[in-house]
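Undergrad: What follows is the file final11.txt, containing compact mmCIF, C-alpha atoms:
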# COMPACT_ATOMS: atom_id res chain seq x y z
CA MET A 1 0.00 0.00 0.00
CA GLY A 2 1.43 3.40 -0.92
CA ASN A 3 1.73 6.52 1.15
CA GLU A 4 -1.62 7.84 0.02
CA THR A 5 -4.43 5.50 0.96
CA GLN A 6 -7.36 6.20 -1.33
CA LEU A 7 -10.56 5.00 0.26
CA VAL A 8 -13.18 3.68 -2.12
CA SER A 9 -16.79 2.60 -1.84
CA LYS A 10 -18.76 0.00 -3.78
CA VAL A 11 -21.94 1.16 -5.48
CA PHE A 12 -24.51 -1.01 -7.20
CA VAL A 13 -25.25 0.38 -10.69
CA LEU A 14 -28.68 -0.57 -11.98
CA ASP A 15 -28.68 1.04 -15.42
CA LYS A 16 -29.35 -0.38 -18.85
CA PHE A 17 -28.22 2.49 -21.03
CA TYR A 18 -24.97 0.98 -22.13
CA GLU A 19 -23.94 4.15 -24.00
CA TYR A 20 -23.84 5.91 -20.62
CA PHE A 21 -21.71 3.30 -18.90
CA ASP A 22 -18.45 4.97 -19.90
CA GLN A 23 -19.61 8.24 -18.36
CA ILE A 24 -20.81 6.53 -15.18
CA LYS A 25 -17.61 4.52 -14.95
CA GLN A 26 -15.52 7.65 -15.48
CA PHE A 27 -17.50 9.38 -12.74
CA CYS A 28 -16.96 6.40 -10.41
CA ASP A 29 -13.23 6.33 -11.12
CA GLN A 30 -12.91 10.04 -10.42
CA ASN A 31 -14.91 9.88 -7.20
CA GLY A 32 -13.53 6.80 -5.47
CA LEU A 33 -16.41 4.53 -6.38
CA VAL A 34 -16.29 0.95 -7.57
CA GLY A 35 -19.37 0.26 -9.70
CA LEU A 36 -20.94 -3.19 -9.62
CA LYS A 37 -23.35 -4.06 -12.46
CA ALA A 38 -26.12 -6.64 -12.36
CA ASN A 39 -28.72 -8.24 -14.59
CA SER A 40 -32.24 -7.43 -13.56
CA ALA A 41 -32.92 -11.14 -13.07
CA ASN A 42 -30.51 -11.54 -10.17
CA ILE A 43 -30.51 -8.19 -8.41
CA MET A 44 -31.69 -9.55 -5.09
CA THR A 45 -29.16 -12.41 -5.24
CA ILE A 46 -26.34 -9.99 -5.92
CA LEU A 47 -27.58 -7.68 -3.21
CA SER A 48 -27.56 -10.53 -0.74
CA SER A 49 -23.98 -11.49 -1.58
CA ASN A 50 -22.66 -7.92 -1.61
CA ILE A 51 -23.05 -6.89 1.97
CA ASP A 52 -20.54 -4.07 1.86
CA LEU A 53 -22.11 -1.45 -0.37
CA GLY A 54 -22.11 2.32 -0.15
CA ALA A 55 -25.05 3.25 -2.37
CA ILE A 56 -27.36 2.22 -5.22
CA LEU A 57 -27.44 4.09 -8.54
CA LEU A 58 -30.75 3.29 -10.24
CA ALA A 59 -31.99 4.52 -13.63
CA ASP A 60 -35.67 5.36 -13.80
CA ASN A 61 -36.02 3.30 -17.00
CA TYR A 62 -34.18 0.30 -15.62
CA CYS A 63 -37.35 -1.81 -15.63
CA GLN A 64 -39.98 -2.02 -18.37
CA SER A 65 -42.01 0.75 -16.79
CA LEU A 66 -41.46 3.52 -14.29
CA ASP A 67 -43.88 1.77 -11.93
CA GLU A 68 -41.79 -1.40 -12.04
CA THR A 69 -38.63 0.60 -11.37
CA MET A 70 -40.34 2.22 -8.41
CA ASP A 71 -41.36 -1.22 -7.17
CA LEU A 72 -37.76 -2.39 -7.43
CA ALA A 73 -36.59 0.68 -5.49
CA ARG A 74 -39.18 -0.10 -2.82
CA GLN A 75 -37.94 -3.70 -2.54
CA ILE A 76 -34.32 -2.59 -2.25
CA HIS A 77 -35.19 0.05 0.31
CA ALA A 78 -37.15 -2.50 2.33
CA ILE A 79 -34.21 -4.89 2.69
CA ARG A 80 -31.35 -2.36 2.75
CA PRO A 81 -32.72 0.91 4.16
CA GLU A 82 -29.19 2.11 5.03
CA LEU A 83 -28.22 2.33 1.38
CA PRO A 84 -28.96 5.68 -0.28
CA ILE A 85 -30.64 5.16 -3.65
CA VAL A 86 -29.85 7.79 -6.25
CA LEU A 87 -32.23 7.92 -9.21
CA ARG A 88 -30.97 8.74 -12.70
CA ARG A 89 -33.71 10.55 -14.53
CA THR A 90 -34.00 10.22 -18.30
CA SER A 91 -36.61 12.66 -19.53
CA ILE A 92 -37.02 15.08 -16.64
CA SER A 93 -34.95 16.03 -13.60
CA GLY A 94 -35.98 15.97 -9.96
CA LEU A 95 -38.69 13.95 -8.27
CA ASP A 96 -41.65 16.29 -8.61
CA ASP A 97 -43.53 13.96 -10.94
CA LEU A 98 -43.50 11.16 -8.37
CA PRO A 99 -45.93 10.67 -5.50
CA GLU A 100 -44.63 11.46 -2.00
CA LYS A 101 -44.39 7.77 -1.08
CA GLN A 102 -42.02 7.12 -3.97
CA ARG A 103 -40.01 10.31 -3.50
CA LYS A 104 -39.06 9.12 -0.03
CA LEU A 105 -37.23 6.14 -1.53
CA PHE A 106 -34.53 8.34 -3.06
CA CYS A 107 -31.98 10.61 -1.51
CA ALA A 108 -31.34 12.53 -4.75
CA THR A 109 -31.59 12.42 -8.52
CA TYR A 110 -29.12 13.10 -11.30
CA THR A 111 -29.08 13.14 -15.09
CA ILE A 112 -26.32 11.97 -17.35
CA ASP A 113 -25.75 15.60 -18.38
CA ASP A 114 -25.52 16.84 -14.81
CA MET A 115 -23.89 14.45 -12.36
CA SER A 116 -23.11 17.10 -9.75
CA PRO A 117 -26.02 16.04 -7.50
CA LEU A 118 -24.50 12.56 -7.43
CA ARG A 119 -21.17 13.97 -6.28
CA LYS A 120 -22.98 15.78 -3.48
CA VAL A 121 -24.69 12.57 -2.38
CA ILE A 122 -21.37 10.75 -2.29
CA GLU A 123 -19.80 13.45 -0.15
CA GLU A 124 -22.79 13.58 2.17
CA TYR A 125 -23.61 9.88 2.52
CA ILE A 126 -20.37 7.99 1.83
CA PHE A 127 -17.23 10.07 2.25
CA SER A 128 -18.62 12.27 4.98
CA LEU A 129 -16.02 11.32 7.60
CA TYR A 130 -12.32 11.99 7.21
CA TYR A 131 -9.97 9.08 7.95
CA PRO A 132 -6.26 10.01 8.17
CA ASN A 133 -4.05 8.13 5.72
CA ALA A 134 -1.66 7.07 8.46
CA LEU A 135 -4.54 5.45 10.34
CA VAL A 136 -5.96 3.61 7.34
CA ARG A 137 -2.55 2.44 6.17
CA GLY A 138 -1.51 1.48 9.72
CA ILE A 139 -4.64 -0.59 10.38
CA SER A 140 -4.06 -2.55 7.21
CA GLU A 141 -0.41 -3.16 8.09
CA ILE A 142 -1.13 -4.14 11.71
CA THR A 143 -3.92 -6.51 10.73
CA SER A 144 -2.05 -8.12 7.84
CA SER A 145 0.96 -8.83 10.02
CA THR A 146 -1.22 -10.15 12.86
CA LEU A 147 -3.08 -12.49 10.52
CA ALA A 148 0.22 -13.66 9.02
CA SER A 149 1.56 -14.39 12.52
CA GLN A 150 -1.51 -16.42 13.47
CA PHE A 151 -2.03 -18.23 10.16
CA LYS A 152 1.56 -18.93 9.24
CA HIS A 153 0.79 -21.27 6.34
CA LEU A 154 -1.63 -18.90 4.60
CA LYS A 155 -0.98 -16.02 2.22
CA VAL A 156 -2.62 -12.82 3.48
CA ASN A 157 -3.99 -10.27 1.05
CA ALA A 158 -5.48 -6.90 2.07
CA GLU A 159 -7.87 -5.27 -0.36
CA THR A 160 -8.14 -1.51 -0.82
CA PRO A 161 -9.95 -0.19 2.26
CA TYR A 162 -13.41 1.14 1.64
CA ILE A 163 -16.45 2.83 3.12
CA VAL A 164 -19.71 0.98 3.68
CA ARG A 165 -23.16 2.04 4.68
CA ASP A 166 -24.41 -1.52 4.88
CA ARG A 167 -25.09 -3.01 8.29
CA ILE A 168 -25.18 -6.65 7.21
CA ILE A 169 -22.93 -9.09 9.08
CA PHE A 170 -20.71 -11.41 7.05
CA GLY A 171 -20.39 -15.07 8.01
CA GLU A 172 -21.47 -16.69 11.25
CA VAL A 173 -18.89 -15.54 13.78
CA PHE A 174 -17.79 -12.07 14.69
CA SER A 175 -15.89 -10.32 17.47
CA LEU A 176 -16.31 -6.82 18.89
CA ILE A 177 -13.83 -4.86 20.97
CA PRO A 178 -14.09 -1.25 22.18
CA LEU A 179 -11.54 1.32 21.00
CA GLU A 180 -11.14 4.34 23.25
CA SER A 181 -8.86 7.36 23.13
CA SER A 182 -9.11 11.13 23.19
CA TRP A 183 -9.65 11.10 19.40
CA CYS A 184 -11.87 8.07 18.91
CA ARG A 185 -14.46 6.04 20.70
CA GLY A 186 -16.20 3.09 19.14
CA TYR A 187 -15.60 -0.50 18.15
CA MET A 188 -13.60 -2.77 15.95
CA MET A 189 -15.48 -5.72 14.57
CA LEU A 190 -14.06 -8.77 12.82
CA GLN A 191 -16.40 -10.99 10.82
CA THR A 192 -15.68 -14.33 9.24
CA GLU A 193 -17.08 -17.72 8.26
CA GLU A 194 -16.69 -20.57 10.72
CA GLY A 195 -16.54 -23.25 8.03
CA ALA A 196 -13.79 -21.50 6.11
CA ILE A 197 -11.55 -21.37 9.17
CA LEU A 198 -12.28 -24.98 10.09
CA ASP A 199 -11.45 -26.01 6.52
CA VAL A 200 -8.01 -24.46 6.57
CA LEU A 201 -7.07 -25.02 10.19
CA SER A 202 -3.88 -26.83 10.66
CA SER A 203 -4.57 -28.48 14.00
CA ASP A 204 -0.87 -28.87 14.69
CA GLU A 205 -0.33 -25.16 14.41
CA LEU A 206 -3.34 -23.66 16.11
CA THR A 207 -4.85 -26.25 18.40
CA GLY A 208 -1.67 -27.83 19.65
CA GLY A 209 -2.68 -31.02 17.85
CA GLU A 210 -4.41 -32.28 20.98
CA SER A 211 -7.99 -32.22 19.76
CA PRO A 212 -9.87 -31.65 16.51
CA ALA A 213 -10.84 -28.06 15.76
CA THR A 214 -14.41 -27.11 16.64
CA PHE A 215 -16.44 -23.91 16.65
CA ARG A 216 -14.81 -23.09 19.99
CA THR A 217 -11.42 -23.23 18.32
CA VAL A 218 -12.67 -20.73 15.76
CA ASN A 219 -14.01 -18.49 18.52
CA ASN A 220 -10.70 -18.62 20.37
CA ILE A 221 -8.62 -17.87 17.30
CA LEU A 222 -10.82 -14.95 16.29
CA GLY A 223 -10.70 -13.68 19.87
CA GLU A 224 -6.92 -13.79 19.98
CA VAL A 225 -6.57 -12.15 16.57
CA THR A 226 -8.90 -9.40 17.80
CA ASN A 227 -6.84 -9.00 20.97
CA LEU A 228 -3.57 -8.76 19.03
CA ILE A 229 -4.93 -6.16 16.61
CA TRP A 230 -6.43 -4.17 19.48
CA GLY A 231 -3.10 -4.12 21.29
CA ALA A 232 -1.16 -3.14 18.19
CA PHE A 233 -3.73 -0.41 17.43
CA LYS A 234 -3.26 1.07 20.90
CA ASN A 235 0.52 0.82 20.74
CA ARG A 236 0.62 2.58 17.37
CA PHE A 237 -2.17 5.11 17.58
CA VAL A 238 -2.97 5.86 21.21
CA ALA A 239 -0.32 7.80 23.09
CA TYR A 240 0.71 6.32 26.44
CA ASP A 241 -0.35 9.49 28.19
CA ASP A 242 -3.57 9.82 26.23
CA PRO A 243 -6.18 11.05 28.70
CA GLY A 244 -8.82 8.84 27.06
CA SER A 245 -12.36 9.84 26.41
CA ARG A 246 -14.10 12.13 28.87
CA SER A 247 -17.46 10.93 27.73
CA THR A 248 -19.20 8.00 29.32
CA THR A 249 -22.04 7.99 26.82
CA GLU A 250 -23.08 4.58 25.60
CA VAL A 251 -25.67 3.52 23.06
CA PRO A 252 -27.15 0.04 22.72
CA ILE A 253 -25.81 -2.21 19.99
CA VAL A 254 -28.66 -4.11 18.38
CA ILE A 255 -28.08 -7.41 16.57
CA ASN A 256 -30.82 -9.10 14.59
CA HIS A 257 -29.71 -12.67 13.93
CA GLN A 258 -32.45 -13.48 11.45
CA HIS A 259 -31.42 -10.63 9.17
CA LYS A 260 -27.70 -10.79 10.06
CA TYR A 261 -27.99 -7.12 10.87
CA ILE A 262 -26.10 -5.01 13.38
CA SER A 263 -26.77 -1.45 14.42
CA PHE A 264 -24.41 0.71 16.46
CA GLY A 265 -27.05 3.38 16.76
CA SER A 266 -25.39 5.67 14.26
CA GLY A 267 -26.15 6.12 10.60
CA ASN A 268 -22.57 7.08 9.83
CA PRO A 269 -20.71 5.26 7.08
CA GLN A 270 -18.16 2.77 8.40
CA LEU A 271 -14.51 2.15 7.61
CA CYS A 272 -14.12 -1.37 6.24
CA PHE A 273 -11.17 -3.60 5.39
CA LYS A 274 -11.34 -6.96 3.68
CA TYR A 275 -8.61 -9.58 4.00
CA THR A 276 -8.31 -12.92 2.28
CA LEU A 277 -6.12 -15.72 3.60
CA LEU A 278 -5.26 -18.29 0.97
CA ASN A 279 -3.83 -21.74 1.36
CA GLU A 280 -1.85 -21.89 -1.85
CA GLU A 281 -1.53 -25.66 -1.66
CA ASP A 282 -5.20 -26.57 -1.68
CA GLY A 283 -6.94 -23.30 -2.60
CA HIS A 284 -8.90 -22.97 0.65
CA LEU A 285 -9.72 -19.37 1.44
CA ILE A 286 -10.69 -17.46 4.58
CA THR A 287 -12.31 -14.06 4.19
CA ILE A 288 -12.24 -11.61 7.09
CA TYR A 289 -14.08 -8.31 7.16
CA GLN A 290 -12.88 -5.70 9.63
CA TRP A 291 -15.13 -2.75 10.45
CA PHE A 292 -14.27 0.32 12.46
CA VAL A 293 -17.31 2.04 13.89
CA PHE A 294 -16.46 5.25 15.74
CA ASN A 295 -20.02 5.84 16.78
CA LEU A 296 -19.39 7.52 20.14
CA ASN A 297 -16.64 9.98 19.21
CA TRP A 298 -14.69 10.73 16.07
CA SER A 299 -12.17 13.60 16.22
CA PRO A 300 -9.59 12.84 13.51
CA GLU A 301 -8.07 16.31 13.92
CA ASP A 302 -6.59 15.05 17.21
CA PHE A 303 -5.25 11.82 15.72
CA GLN A 304 -1.50 11.28 15.65
CA GLU A 305 0.61 8.24 14.97
CA ILE A 306 3.02 7.54 17.81
CA GLN A 307 6.61 8.10 16.79
CA THR A 308 8.73 5.55 18.60
CA SER A 309 12.41 6.24 19.02
CA VAL A 310 14.55 3.50 17.49
CA ASP A 311 16.44 3.30 20.79
CA ASP A 312 13.21 2.52 22.61
CA LEU A 313 11.99 0.04 20.08
CA ILE A 314 11.57 -3.57 21.19
CA ASP A 315 10.32 -5.86 18.42
CA SER A 316 7.13 -7.71 19.13
CA GLY A 317 7.89 -11.21 20.33
CA GLU A 318 11.27 -10.19 21.76
CA LEU A 319 11.89 -10.45 25.48
CA GLU A 320 12.69 -7.18 27.24
CA LEU A 321 14.44 -8.12 30.46
CA PHE A 322 14.18 -5.73 33.40
CA MET B 1 11.76 -31.10 35.28
CA ALA B 2 11.40 -27.33 35.03
CA LYS B 3 7.78 -26.30 35.48
CA ILE B 4 6.22 -23.22 33.89
CA LEU B 5 2.81 -21.73 34.62
CA ILE B 6 1.11 -20.07 31.63
CA VAL B 7 -1.69 -17.68 32.55
CA ASP B 8 -3.82 -16.44 29.66
CA ASP B 9 -7.56 -16.23 29.04
CA SER B 10 -6.99 -17.18 25.40
CA SER B 11 -6.88 -20.93 24.87
CA THR B 12 -5.17 -20.23 21.55
CA VAL B 13 -2.25 -18.66 23.41
CA ARG B 14 -2.21 -21.37 26.10
CA ASP B 15 -2.13 -24.05 23.40
CA GLU B 16 0.46 -22.27 21.29
CA VAL B 17 2.86 -21.35 24.10
CA GLY B 18 2.25 -24.51 26.11
CA GLY B 19 2.63 -26.74 23.07
CA PHE B 20 5.90 -25.10 22.13
CA LEU B 21 7.36 -25.37 25.62
CA LYS B 22 6.27 -29.01 26.02
CA LYS B 23 7.88 -29.89 22.70
CA ASN B 24 11.07 -28.41 24.08
CA GLY B 25 11.08 -30.52 27.21
CA LEU B 26 9.47 -28.18 29.71
CA GLU B 27 6.58 -29.09 31.99
CA VAL B 28 3.59 -26.79 31.62
CA VAL B 29 0.69 -25.87 33.88
CA THR B 30 -2.01 -23.52 32.57
CA ALA B 31 -4.45 -21.07 34.13
CA VAL B 32 -7.25 -19.07 32.54
CA ASP B 33 -6.98 -15.81 34.52
CA GLY B 34 -5.20 -14.20 37.46
CA THR B 35 -7.37 -15.86 40.09
CA ASP B 36 -6.81 -19.28 38.56
CA GLY B 37 -3.10 -18.47 38.26
CA LEU B 38 -2.83 -17.75 41.98
CA ASN B 39 -4.65 -20.97 42.81
CA LYS B 40 -2.44 -23.04 40.51
CA LEU B 41 0.69 -21.49 41.96
CA LYS B 42 -0.48 -22.40 45.45
CA ALA B 43 -1.52 -25.92 44.49
CA GLU B 44 1.31 -26.95 42.19
CA PRO B 45 4.74 -27.22 43.77
CA GLY B 46 7.84 -26.64 41.70
CA ILE B 47 6.70 -23.80 39.46
CA LYS B 48 9.76 -21.66 38.79
CA LEU B 49 8.47 -19.40 36.02
CA VAL B 50 5.11 -17.73 35.40
CA VAL B 51 4.33 -16.43 31.90
CA SER B 52 1.24 -14.25 32.14
CA ASP B 53 -1.02 -12.07 30.03
CA VAL B 54 -1.99 -8.65 31.42
CA ASN B 55 -5.59 -8.12 30.27
CA MET B 56 -7.72 -10.96 31.59
CA PRO B 57 -11.19 -11.27 33.14
CA ASN B 58 -11.67 -11.68 36.91
CA MET B 59 -8.11 -10.72 37.82
CA ASP B 60 -5.57 -9.05 35.53
CA GLY B 61 -1.99 -10.22 35.27
CA LEU B 62 -0.34 -7.33 37.10
CA THR B 63 -2.68 -7.64 40.06
CA MET B 64 -1.90 -11.35 40.12
CA VAL B 65 1.85 -10.62 40.28
CA GLU B 66 1.32 -8.14 43.12
CA LYS B 67 -0.64 -10.81 45.00
CA ILE B 68 2.03 -13.45 44.33
CA ARG B 69 4.59 -11.19 45.97
CA GLY B 70 2.24 -9.85 48.66
CA GLU B 71 -0.48 -12.31 49.72
CA LEU B 72 1.41 -15.46 48.77
CA GLY B 73 4.73 -14.06 50.00
CA ASN B 74 6.42 -15.73 47.05
CA GLY B 75 9.41 -13.56 46.17
CA THR B 76 11.33 -16.18 44.22
CA VAL B 77 9.15 -17.29 41.32
CA ASN B 78 10.17 -15.57 38.08
CA VAL B 79 7.42 -13.76 36.18
CA ILE B 80 7.37 -12.69 32.54
CA MET B 81 4.45 -10.82 31.04
CA LEU B 82 3.30 -11.88 27.56
CA THR B 83 0.85 -9.26 26.40
CA THR B 84 -0.29 -6.88 23.68
CA GLU B 85 0.35 -3.99 26.08
CA ASN B 86 3.46 -1.88 25.49
CA ASN B 87 2.60 0.96 27.81
CA PRO B 88 5.62 2.19 29.87
CA SER B 89 3.50 2.89 32.94
CA MET B 90 2.27 -0.71 32.93
CA LYS B 91 5.84 -1.93 32.56
CA GLU B 92 6.86 0.26 35.49
CA ARG B 93 4.07 -1.23 37.58
CA GLY B 94 5.26 -4.69 36.55
CA LYS B 95 8.88 -3.88 37.44
CA ALA B 96 7.82 -2.55 40.82
CA ALA B 97 5.96 -5.81 41.49
CA GLY B 98 9.00 -7.84 40.59
CA VAL B 99 8.28 -8.81 36.99
CA LYS B 100 11.45 -10.07 35.36
CA GLY B 101 10.67 -9.38 31.70
CA TRP B 102 8.09 -8.23 29.17
CA ILE B 103 7.15 -9.67 25.78
CA VAL B 104 4.81 -7.90 23.39
CA LYS B 105 2.70 -10.51 21.56
CA PRO B 106 2.79 -12.38 19.28
CA PHE B 107 4.83 -15.12 20.92
CA LYS B 108 8.02 -16.10 19.10
CA GLY B 109 9.14 -19.19 20.95
CA GLU B 110 12.59 -19.71 19.48
CA SER B 111 13.76 -16.26 20.48
CA VAL B 112 12.89 -16.73 24.17
CA LEU B 113 13.32 -20.47 24.73
CA GLU B 114 16.80 -20.34 26.24
CA THR B 115 15.84 -17.56 28.66
CA PHE B 116 12.70 -19.46 29.67
CA LYS B 117 14.82 -22.54 30.35
CA LYS B 118 17.24 -20.55 32.51
CA LEU B 119 14.47 -18.82 34.45
CA SER B 120 12.64 -22.08 35.11
CA ALA B 121 15.71 -24.11 36.06
Write out the structure in this file as structure tokens.
TA:
Amino acid sequence: MGNETQLVSKVFVLDKFYEYFDQIKQFCDQNGLVGLKANSANIMTILSSNIDLGAILLADNYCQSLDETMDLARQIHAIRPELPIVLRRTSISGLDDLPEKQRKLFCATYTIDDMSPLRKVIEEYIFSLYYPNALVRGISEITSSTLASQFKHLKVNAETPYIVRDRIIFGEVFSLIPLESSWCRGYMMLQTEEGAILDVLSSDELTGGESPATFRTVNNILGEVTNLIWGAFKNRFVAYDDPGSRSTTEVPIVINHQHKYISFGSGNPQLCFKYTLLNEEDGHLITIYQWFVFNLNWSPEDFQEIQTSVDDLIDSGELELF
Amino acid sequence: MAKILIVDDSSTVRDEVGGFLKKNGLEVVTAVDGTDGLNKLKAEPGIKLVVSDVNMPNMDGLTMVEKIRGELGNGTVNVIMLTTENNPSMKERGKAAGVKGWIVKPFKGESVLETFKKLSA
């Protein structure tokens, strides 16, 4: 990862005017968006497998009729209300021709000749929070090296970090740990699939070879990975004399298992990292999503990376004798 | 045989560290938190080295060390902290309680094995 860490966000593009795709793609490239296209037949399937979206771009003539397009927007809004839907208008601009009930489904409209409203939506709904480059880059480095230390036989890959508005949980097992400092207050969340970890577990390496791996093994490994990342985060980004947060405010975290949905009580977009761990010998793959949700305090202007003197530096894993 | 007590709430760490030390000929006793660590130290004779995490439920590692020296009156057992914490004030508290050394996780067995053997002899 270079010095400048460009955050991106995935948007679902539901548009059938192929002659406009170049313009939409160019807009996405210029504004840190990764556009995902879909056939109308499998929209809901794709939506269910892409749980890390930032917004939906929908053309008003995407379906056979405007009514059908509105019905599609209603279905999307019903299952993913966190995702802003931006409507591309073809013959007129704005939403004045639509009934109030339908207008509420969209956060804005744009036309292919004037995409400035779309830029505004992106700034307001997706890239509304500033994340310092050193933080984003550091999290990716810390996490990659932690995963490599815990899964020694797997190749770790970190994707470009991105912003999500989705609140859908990936996999079956996740961990949460609070992060508190004078400049941030919230949670780190790791999400993964139990089966994928069980498939690639080398029992000799991670379970001591004494018993077969079970869901408890997965829990313990994810817990320890979370602990290691948390510690490294504090050591790198939270000064030793940091006074911590003065606030004691808490908000409930709500988890709906049936819908694999988690709410931290804030509508803010969330900083997301995706890592894949590949066993190059047999092709087994573990995917881990890492979310940072600074729902209780976010003051990036006070953020600073701790500069450690080389003289004071003790490598992790090395014994410092007193 | 040299006996080492590993105190960590993470079974992954207990298995990893304990497995490594056993493979290298050391006898290992494990505890899941500071309270359990104190009990094991009282119950198991011959423990010469304690390797403990700091952040644990019920009783943290530094409090456990202070109790080993204070309540148990054990001033001879060697203690090394194995933790994600790298905070100087915590290290100072550890030093004051008689902690012998500090390792920031992750555990790299080969680099500490000889010292562990000496401290547990």
Undergrad: Could you check which of A:Leu47, A:Ile163, A:Ile288, A:Val238 is closest to chain B, using only C-alpha atoms?
TA: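 The answer is A:Val238, which sits nearest to chain B.
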Undergrad: Taking only C-alpha atoms into account, name the residue in B:Val13, B:Val77, B:Leu41, B:Ile4 that is nearest to chain A.
TA: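 Checking each of B:Val13, B:Val77, B:Leu41, B:Ile4 against chain A, counting only C-alpha atoms, the winner is B:Val13.
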Undergrad: Write out as CSV a residue-level contact list of chain B versus chain A with cut-off 6 Å: for each qualifying residue the closest pair of atoms and the distance in Å to one decimal, counting all atoms listed in the file, rows sorted by chain and residue number upward.
TA:
residue,atom,partner,partner_atom,distance
B:Thr12,CA,A:Asn220,CA,5.9
B:Asp15,CA,A:Gly208,CA,5.3
B:Gly19,CA,A:Gly208,CA,5.6
B:Thr84,CA,A:Gly231,CA,4.6
B:Glu85,CA,A:Gly231,CA,5.9
B:Asn87,CA,A:Tyr240,CA,5.8
B:Lys100,CA,A:Phe322,CA,5.5
B:Gly101,CA,A:Leu321,CA,4.2
B:Trp102,CA,A:Glu320,CA,5.1
B:Ile103,CA,A:Leu319,CA,4.8
B:Val104,CA,A:Ser316,CA,4.9
B:Lys105,CA,A:Gly317,CA,5.4
B:Pro106,CA,A:Gly317,CA,5.3
B:Phe107,CA,A:Gly317,CA,5.0
B:Lys108,CA,A:Gly317,CA,5.0
Undergrad: Here is a test: counting only C-alpha atoms, which residue of B:Asn86, B:Asn24, B:Thr115, B:Asn78 is nearest to Gly46 in chain B?
TA: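 That would be B:Asn78, the residue with the smallest distance to Gly46 in chain B.
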Undergrad: Separation of CA of Val99 in chain B and CA of Ser120 in chain B, in Å?
TA: 14.1 Å
Undergrad: Given all atoms listed in the file as the basis, pick out the residue of A:Phe294, A:Tyr261, A:Tyr187, A:Phe151 nearest to Pro81 in chain A.
TA: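 Among the listed residues, the smallest separation from Pro81 in chain A belongs to A:Tyr261.
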Undergrad: Measuring atom to atom with only C-alpha atoms, identify which of A:Arg89, A:Lys101, A:Arg137, A:Lys120 is nearest to Leu7 in chain A.
TA: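 Closest to Leu7 in chain A, using only C-alpha atoms: A:Arg137.
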Undergrad: Can range 36-47 of chain B be brought up to N, CA and C atoms and written out as a PDB file, keeping the file's coordinate frame?
TA:
ATOM      1  N   ASP B  36      -7.191 -17.887  38.812  1.00  0.00           N
ATOM      2  CA  ASP B  36      -6.810 -19.280  38.560  1.00  0.00           C
ATOM      3  C   ASP B  36      -5.296 -19.442  38.675  1.00  0.00           C
ATOM      4  N   GLY B  37      -4.570 -18.426  38.187  1.00  0.00           N
ATOM      5  CA  GLY B  37      -3.100 -18.470  38.260  1.00  0.00           C
ATOM      6  C   GLY B  37      -2.612 -18.543  39.696  1.00  0.00           C
ATOM      7  N   LEU B  38      -3.207 -17.717  40.558  1.00  0.00           N
ATOM      8  CA  LEU B  38      -2.830 -17.750  41.980  1.00  0.00           C
ATOM      9  C   LEU B  38      -3.103 -19.118  42.597  1.00  0.00           C
ATOM     10  N   ASN B  39      -4.288 -19.658  42.259  1.00  0.00           N
ATOM     11  CA  ASN B  39      -4.650 -20.970  42.810  1.00  0.00           C
ATOM     12  C   ASN B  39      -3.694 -22.059  42.337  1.00  0.00           C
ATOM     13  N   LYS B  40      -3.346 -22.009  41.055  1.00  0.00           N
ATOM     14  CA  LYS B  40      -2.440 -23.040  40.510  1.00  0.00           C
ATOM     15  C   LYS B  40      -1.053 -22.917  41.156  1.00  0.00           C
ATOM     16  N   LEU B  41      -0.630 -21.694  41.366  1.00  0.00           N
ATOM     17  CA  LEU B  41       0.690 -21.490  41.960  1.00  0.00           C
ATOM     18  C   LEU B  41       0.729 -22.035  43.394  1.00  0.00           C
ATOM     19  N   LYS B  42      -0.410 -21.879  44.079  1.00  0.00           N
ATOM     20  CA  LYS B  42      -0.480 -22.400  45.450  1.00  0.00           C
ATOM     21  C   LYS B  42      -0.522 -23.933  45.447  1.00  0.00           C
ATOM     22  N   ALA B  43      -1.271 -24.472  44.484  1.00  0.00           N
ATOM     23  CA  ALA B  43      -1.520 -25.920  44.490  1.00  0.00           C
ATOM     24  C   ALA B  43      -0.405 -26.743  43.879  1.00  0.00           C
ATOM     25  N   GLU B  44       0.313 -26.161  42.933  1.00  0.00           N
ATOM     26  CA  GLU B  44       1.310 -26.950  42.190  1.00  0.00           C
ATOM     27  C   GLU B  44       2.715 -26.599  42.670  1.00  0.00           C
ATOM     28  N   PRO B  45       3.365 -27.517  43.346  1.00  0.00           N
ATOM     29  CA  PRO B  45       4.740 -27.220  43.770  1.00  0.00           C
ATOM     30  C   PRO B  45       5.694 -27.267  42.580  1.00  0.00           C
ATOM     31  N   GLY B  46       6.776 -26.535  42.704  1.00  0.00           N
ATOM     32  CA  GLY B  46       7.840 -26.640  41.700  1.00  0.00           C
ATOM     33  C   GLY B  46       7.748 -25.696  40.526  1.00  0.00           C
ATOM     34  N   ILE B  47       6.770 -24.770  40.565  1.00  0.00           N
ATOM     35  CA  ILE B  47       6.700 -23.800  39.460  1.00  0.00           C
ATOM     36  C   ILE B  47       7.779 -22.746  39.670  1.00  0.00           C
TER      37      ILE B  47
END
